[in-house]
file query.pdb (PDB, C-alpha atoms, pLDDT in the B column)
MODEL        1
ATOM      1  CA  LEU A  74       0.000   0.000   0.000  1.00 64.00           C
ATOM      2  CA  VAL A  75       2.863   2.370   0.824  1.00 71.00           C
ATOM      3  CA  ALA A  76       4.561   1.556  -2.494  1.00 77.00           C
ATOM      4  CA  MET A  77       1.330   2.360  -4.346  1.00 76.00           C
ATOM      5  CA  ASP A  78       1.091   5.731  -2.593  1.00 74.00           C
ATOM      6  CA  GLY A  79       4.646   6.486  -3.693  1.00 79.00           C
ATOM      7  CA  VAL A  80       3.860   5.590  -7.299  1.00 84.00           C
ATOM      8  CA  LEU A  81       0.692   7.714  -7.269  1.00 80.00           C
ATOM      9  CA  HIS A  82       2.655  10.627  -5.809  1.00 80.00           C
ATOM     10  CA  VAL A  83       5.256  10.365  -8.596  1.00 87.00           C
ATOM     11  CA  VAL A  84       2.515  10.205 -11.252  1.00 87.00           C
ATOM     12  CA  GLU A  85       0.849  13.261  -9.712  1.00 84.00           C
ATOM     13  CA  GLU A  86       4.168  15.137  -9.748  1.00 87.00           C
ATOM     14  CA  VAL A  87       4.666  14.303 -13.437  1.00 91.00           C
ATOM     15  CA  PHE A  88       1.169  15.560 -14.329  1.00 87.00           C
ATOM     16  CA  ASN A  89       1.764  18.656 -12.192  1.00 87.00           C
ATOM     17  CA  LYS A  90       4.996  19.503 -14.036  1.00 91.00           C
ATOM     18  CA  PHE A  91       3.299  18.821 -17.362  1.00 91.00           C
ATOM     19  CA  ASP A  92       0.470  21.172 -16.386  1.00 89.00           C
ATOM     20  CA  TYR A  93       2.918  23.921 -15.419  1.00 92.00           C
ATOM     21  CA  MET A  94       4.592  23.601 -18.830  1.00 94.00           C
ATOM     22  CA  ILE A  95       1.204  23.836 -20.527  1.00 93.00           C
ATOM     23  CA  LEU A  96       0.338  26.867 -18.376  1.00 93.00           C
ATOM     24  CA  GLY A  97       3.481  28.610 -19.623  1.00 95.00           C
ATOM     25  CA  ALA A  98       2.715  27.667 -23.220  1.00 95.00           C
ATOM     26  CA  LEU A  99      -0.884  28.886 -22.875  1.00 95.00           C
ATOM     27  CA  SER A 100       0.318  32.185 -21.411  1.00 96.00           C
ATOM     28  CA  PHE A 101       2.722  32.670 -24.318  1.00 96.00           C
ATOM     29  CA  THR A 102      -0.068  31.705 -26.738  1.00 95.00           C
ATOM     30  CA  ALA A 103      -2.414  34.243 -25.133  1.00 95.00           C
ATOM     31  CA  PHE A 104       0.184  36.963 -25.641  1.00 96.00           C
ATOM     32  CA  ALA A 105       0.717  35.878 -29.253  1.00 95.00           C
ATOM     33  CA  ILE A 106      -3.022  35.723 -29.987  1.00 94.00           C
ATOM     34  CA  VAL A 107      -3.694  39.166 -28.556  1.00 94.00           C
ATOM     35  CA  PHE A 108      -0.689  41.055 -29.959  1.00 94.00           C
ATOM     36  CA  THR A 109       0.330  39.241 -33.166  1.00 92.00           C
ATOM     37  CA  PRO A 110      -1.312  37.791 -36.275  1.00 90.00           C
ATOM     38  CA  ALA A 111      -1.016  34.333 -34.660  1.00 87.00           C
ATOM     39  CA  CYS A 112      -4.736  34.603 -34.017  1.00 90.00           C
ATOM     40  CA  LYS A 113      -5.260  33.392 -37.606  1.00 91.00           C
ATOM     41  CA  LEU A 114      -3.523  30.113 -36.797  1.00 91.00           C
ATOM     42  CA  ALA A 115      -5.413  29.765 -33.510  1.00 92.00           C
ATOM     43  CA  ASP A 116      -8.703  30.513 -35.289  1.00 92.00           C
ATOM     44  CA  SER A 117      -8.147  27.788 -37.887  1.00 93.00           C
ATOM     45  CA  PHE A 118      -9.862  24.425 -37.512  1.00 94.00           C
ATOM     46  CA  VAL A 119      -6.737  22.814 -36.088  1.00 95.00           C
ATOM     47  CA  GLY A 120      -6.125  25.685 -33.654  1.00 93.00           C
ATOM     48  CA  ARG A 121      -9.693  25.564 -32.390  1.00 94.00           C
ATOM     49  CA  ALA A 122      -9.572  21.774 -32.049  1.00 96.00           C
ATOM     50  CA  VAL A 123      -6.334  21.978 -30.051  1.00 94.00           C
ATOM     51  CA  MET A 124      -7.756  24.653 -27.723  1.00 94.00           C
ATOM     52  CA  LEU A 125     -11.021  22.790 -27.203  1.00 95.00           C
ATOM     53  CA  GLY A 126      -9.106  19.540 -26.619  1.00 96.00           C
ATOM     54  CA  ALA A 127      -6.939  21.281 -24.034  1.00 95.00           C
ATOM     55  CA  GLY A 128     -10.080  22.753 -22.484  1.00 96.00           C
ATOM     56  CA  LEU A 129     -11.637  19.300 -22.210  1.00 96.00           C
ATOM     57  CA  TYR A 130      -8.454  17.934 -20.641  1.00 94.00           C
ATOM     58  CA  PHE A 131      -8.302  20.715 -18.057  1.00 95.00           C
ATOM     59  CA  TYR A 132     -12.023  20.461 -17.299  1.00 97.00           C
ATOM     60  CA  ALA A 133     -11.691  16.721 -16.649  1.00 95.00           C
ATOM     61  CA  ARG A 134      -8.560  17.186 -14.511  1.00 92.00           C
ATOM     62  CA  TRP A 135     -10.228  20.035 -12.604  1.00 95.00           C
ATOM     63  CA  GLN A 136     -13.296  17.914 -11.815  1.00 96.00           C
ATOM     64  CA  ILE A 137     -11.162  14.957 -10.754  1.00 92.00           C
ATOM     65  CA  ASP A 138      -9.021  17.164  -8.508  1.00 91.00           C
ATOM     66  CA  VAL A 139     -12.076  18.843  -6.946  1.00 94.00           C
ATOM     67  CA  MET A 140     -13.405  15.423  -5.971  1.00 93.00           C
ATOM     68  CA  ARG A 141     -10.029  14.457  -4.442  1.00 89.00           C
ATOM     69  CA  VAL A 142      -9.636  17.462  -2.109  1.00 89.00           C
ATOM     70  CA  PRO A 143      -9.346  16.056   1.425  1.00 88.00           C
ATOM     71  CA  GLN A 144     -11.978  17.047   3.952  1.00 88.00           C
ATOM     72  CA  LYS A 145     -10.906  19.374   6.730  1.00 86.00           C
ATOM     73  CA  VAL A 146     -10.594  17.838  10.175  1.00 86.00           C
ATOM     74  CA  ASP A 147     -10.601  19.403  13.640  1.00 90.00           C
ATOM     75  CA  ALA A 148      -6.956  18.718  14.474  1.00 91.00           C
ATOM     76  CA  PRO A 149      -5.072  18.179  11.211  1.00 91.00           C
ATOM     77  CA  SER A 150      -1.599  16.734  11.235  1.00 92.00           C
ATOM     78  CA  ASP A 151       1.195  18.236   9.160  1.00 92.00           C
ATOM     79  CA  ALA A 152       0.637  15.532   6.532  1.00 87.00           C
ATOM     80  CA  ASP A 153      -3.075  16.467   6.351  1.00 90.00           C
ATOM     81  CA  LYS A 154      -2.204  20.142   5.884  1.00 91.00           C
ATOM     82  CA  ILE A 155       0.302  19.352   3.125  1.00 89.00           C
ATOM     83  CA  ALA A 156      -2.152  17.059   1.337  1.00 87.00           C
ATOM     84  CA  PHE A 157      -4.864  19.730   1.498  1.00 91.00           C
ATOM     85  CA  TYR A 158      -2.469  22.402   0.220  1.00 91.00           C
ATOM     86  CA  ARG A 159      -1.250  20.232  -2.675  1.00 89.00           C
ATOM     87  CA  MET A 160      -4.736  19.299  -3.810  1.00 90.00           C
ATOM     88  CA  THR A 161      -6.162  22.817  -3.593  1.00 93.00           C
ATOM     89  CA  ARG A 162      -3.092  24.136  -5.443  1.00 92.00           C
ATOM     90  CA  SER A 163      -3.762  21.607  -8.197  1.00 91.00           C
ATOM     91  CA  VAL A 164      -7.447  22.548  -8.300  1.00 94.00           C
ATOM     92  CA  TYR A 165      -6.641  26.245  -8.713  1.00 95.00           C
ATOM     93  CA  MET A 166      -3.989  25.553 -11.340  1.00 94.00           C
ATOM     94  CA  GLU A 167      -6.311  23.326 -13.378  1.00 94.00           C
ATOM     95  CA  PHE A 168      -9.060  25.939 -13.196  1.00 96.00           C
ATOM     96  CA  SER A 169      -6.605  28.662 -14.260  1.00 96.00           C
ATOM     97  CA  CYS A 170      -5.496  26.576 -17.227  1.00 95.00           C
ATOM     98  CA  LEU A 171      -9.128  25.951 -18.177  1.00 97.00           C
ATOM     99  CA  VAL A 172      -9.936  29.673 -18.061  1.00 97.00           C
ATOM    100  CA  LEU A 173      -6.789  30.546 -20.031  1.00 96.00           C
ATOM    101  CA  THR A 174      -7.631  27.947 -22.672  1.00 96.00           C
ATOM    102  CA  LEU A 175     -11.155  29.322 -23.073  1.00 96.00           C
ATOM    103  CA  PHE A 176      -9.739  32.864 -23.177  1.00 97.00           C
ATOM    104  CA  ASN A 177      -7.365  31.898 -25.995  1.00 96.00           C
ATOM    105  CA  PHE A 178     -10.167  30.204 -27.925  1.00 96.00           C
ATOM    106  CA  CYS A 179     -12.572  33.134 -27.580  1.00 96.00           C
ATOM    107  CA  VAL A 180     -10.051  35.883 -28.334  1.00 95.00           C
ATOM    108  CA  ALA A 181      -8.775  34.063 -31.437  1.00 95.00           C
ATOM    109  CA  ARG A 182     -12.338  33.497 -32.632  1.00 94.00           C
ATOM    110  CA  LEU A 183     -13.360  37.113 -32.031  1.00 95.00           C
ATOM    111  CA  ARG A 184     -10.234  38.481 -33.720  1.00 94.00           C
ATOM    112  CA  GLY A 185     -10.959  36.209 -36.691  1.00 92.00           C
ATOM    113  CA  ARG A 186     -14.501  37.554 -36.934  1.00 94.00           C
ATOM    114  CA  ILE A 187     -13.296  41.144 -36.672  1.00 92.00           C
ATOM    115  CA  ASP A 188     -10.796  40.540 -39.487  1.00 91.00           C
ATOM    116  CA  ALA A 189     -13.538  38.987 -41.641  1.00 91.00           C
ATOM    117  CA  LEU A 190     -15.858  41.944 -41.011  1.00 93.00           C
ATOM    118  CA  GLU A 191     -13.074  44.418 -41.793  1.00 91.00           C
ATOM    119  CA  GLN A 192     -12.337  42.608 -45.067  1.00 90.00           C
ATOM    120  CA  GLN A 193     -16.034  42.664 -46.017  1.00 91.00           C
ATOM    121  CA  LYS A 194     -16.290  46.338 -45.206  1.00 89.00           C
ATOM    122  CA  GLY A 195     -13.084  47.100 -47.120  1.00 80.00           C
ATOM    123  CA  GLY A 196     -14.309  45.130 -50.137  1.00 71.00           C
ATOM    124  CA  LYS A 197     -17.694  46.904 -50.292  1.00 68.00           C
ATOM    125  CA  GLY A 198     -16.270  50.387 -49.835  1.00 55.00           C
ATOM    126  CA  GLN A 199     -13.970  50.156 -52.859  1.00 55.00           C
TER     127      GLN A 199
ENDMDL
END
call {"tool": "encode", "arguments": {"input": "query.pdb", "output": "structure tokens"}}
result
Amino acid sequence: LVAMDGVLHVVEEVFNKFDYMILGALSFTAFAIVFTPACKLADSFVGRAVMLGAGLYFYARWQIDVMRVPQKVDAPSDADKIAFYRMTRSVYMEFSCLVLTLFNFCVARLRGRIDALEQQKGGKGQ
């Protein structure tokens, strides 16, 4: 049983590091979508599919982590406090990644629509 807990802890650490890397990539992508023409790539079919896939992943991880948050007890031990901190940290990170993914999707989509409207307006005016 102790060996299984150790394996689960290692797996959780790997997913946690993976999620932090994705958080950094999503932050960079948000900057690129807002300030560069990269919104065209993010608004393509593949870009939307990737963002929605990431959103589904983070939603599932967020729901799983919410269900795994330990209940508070009257006199928690140090191990209980650490477990609670780790799980709530994971919950907040997963939720942040979910919100950032949806932000990227929506901003890319809206910038794509604005570009299309500007092209229509420019084409009619000439």
call {"tool": "resolve_selection", "arguments": {"input": "query.pdb", "expression": "the PyMOL selection byres ((chain A and resi 110-126) around 7)", "output": "compact mmCIF listing (two decimals) with C-alpha atoms, in the frame of the given file"}}
result
# COMPACT_ATOMS: atom_id res chain seq x y z
CA ALA A 105 0.72 35.88 -29.25
CA ILE A 106 -3.02 35.72 -29.99
CA THR A 109 0.33 39.24 -33.17
CA ALA A 127 -6.94 21.28 -24.03
CA GLY A 128 -10.08 22.75 -22.48
CA LEU A 129 -11.64 19.30 -22.21
CA TYR A 130 -8.45 17.93 -20.64
CA THR A 174 -7.63 27.95 -22.67
CA PHE A 178 -10.17 30.20 -27.92
CA ALA A 181 -8.78 34.06 -31.44
CA ARG A 182 -12.34 33.50 -32.63
CA ARG A 184 -10.23 38.48 -33.72
CA GLY A 185 -10.96 36.21 -36.69
call {"tool": "resolve_selection", "arguments": {"input": "query.pdb", "expression": "the PyMOL selection byres ((chain A and resi 173) around 9)", "output": "PDB file with C-alpha atoms, in the frame of the given file"}}
result
ATOM      1  CA  LEU A  96       0.338  26.867 -18.376  1.00 93.00           C
ATOM      2  CA  LEU A  99      -0.884  28.886 -22.875  1.00 95.00           C
ATOM      3  CA  SER A 100       0.318  32.185 -21.411  1.00 96.00           C
ATOM      4  CA  ALA A 103      -2.414  34.243 -25.133  1.00 95.00           C
ATOM      5  CA  GLY A 128     -10.080  22.753 -22.484  1.00 96.00           C
ATOM      6  CA  PHE A 168      -9.060  25.939 -13.196  1.00 96.00           C
ATOM      7  CA  SER A 169      -6.605  28.662 -14.260  1.00 96.00           C
ATOM      8  CA  CYS A 170      -5.496  26.576 -17.227  1.00 95.00           C
ATOM      9  CA  LEU A 171      -9.128  25.951 -18.177  1.00 97.00           C
ATOM     10  CA  VAL A 172      -9.936  29.673 -18.061  1.00 97.00           C
ATOM     11  CA  THR A 174      -7.631  27.947 -22.672  1.00 96.00           C
ATOM     12  CA  LEU A 175     -11.155  29.322 -23.073  1.00 96.00           C
ATOM     13  CA  PHE A 176      -9.739  32.864 -23.177  1.00 97.00           C
ATOM     14  CA  ASN A 177      -7.365  31.898 -25.995  1.00 96.00           C
ATOM     15  CA  PHE A 178     -10.167  30.204 -27.925  1.00 96.00           C
TER      16      PHE A 178
END
call {"tool": "residues_around", "arguments": {"input": "query.pdb", "residues": "Ile137 of chain A", "least_positions_apart": "5", "cutoff": "12 Å", "atoms": "all atoms listed in the file", "output": "ChimeraX atom specification"}}
result
/A:130-132,142,160-161,163-164,167-168
call {"tool": "axis_aligned_box", "arguments": {"input": "query.pdb", "around": "segment 167-176 of chain A", "padding_each_side": "5 Å", "output": "lines of an AutoDock Vina configuration file"}}
result
center_x = -8.3
center_y = 28.1
center_z = -18.2
size_x = 15.7
size_y = 19.5
size_z = 20.0
call {"tool": "atom_distance", "arguments": {"input": "query.pdb", "atom1": "atom CA of Pro149 of chain A", "atom2": "atom CA of His82 of chain A"}}
result
20.2 Å
call {"tool": "closest_residue", "arguments": {"input": "query.pdb", "among": "A:Asp92, A:Cys179, A:Thr102, A:Gln193", "to": "Arg162 of chain A", "atoms": "all atoms listed in the file"}}
result
A:Asp92
call {"tool": "atom_distance", "arguments": {"input": "query.pdb", "atom1": "atom CA of Pro143 of chain A", "atom2": "atom CA of Asp78 of chain A"}}
result
15.2 Å
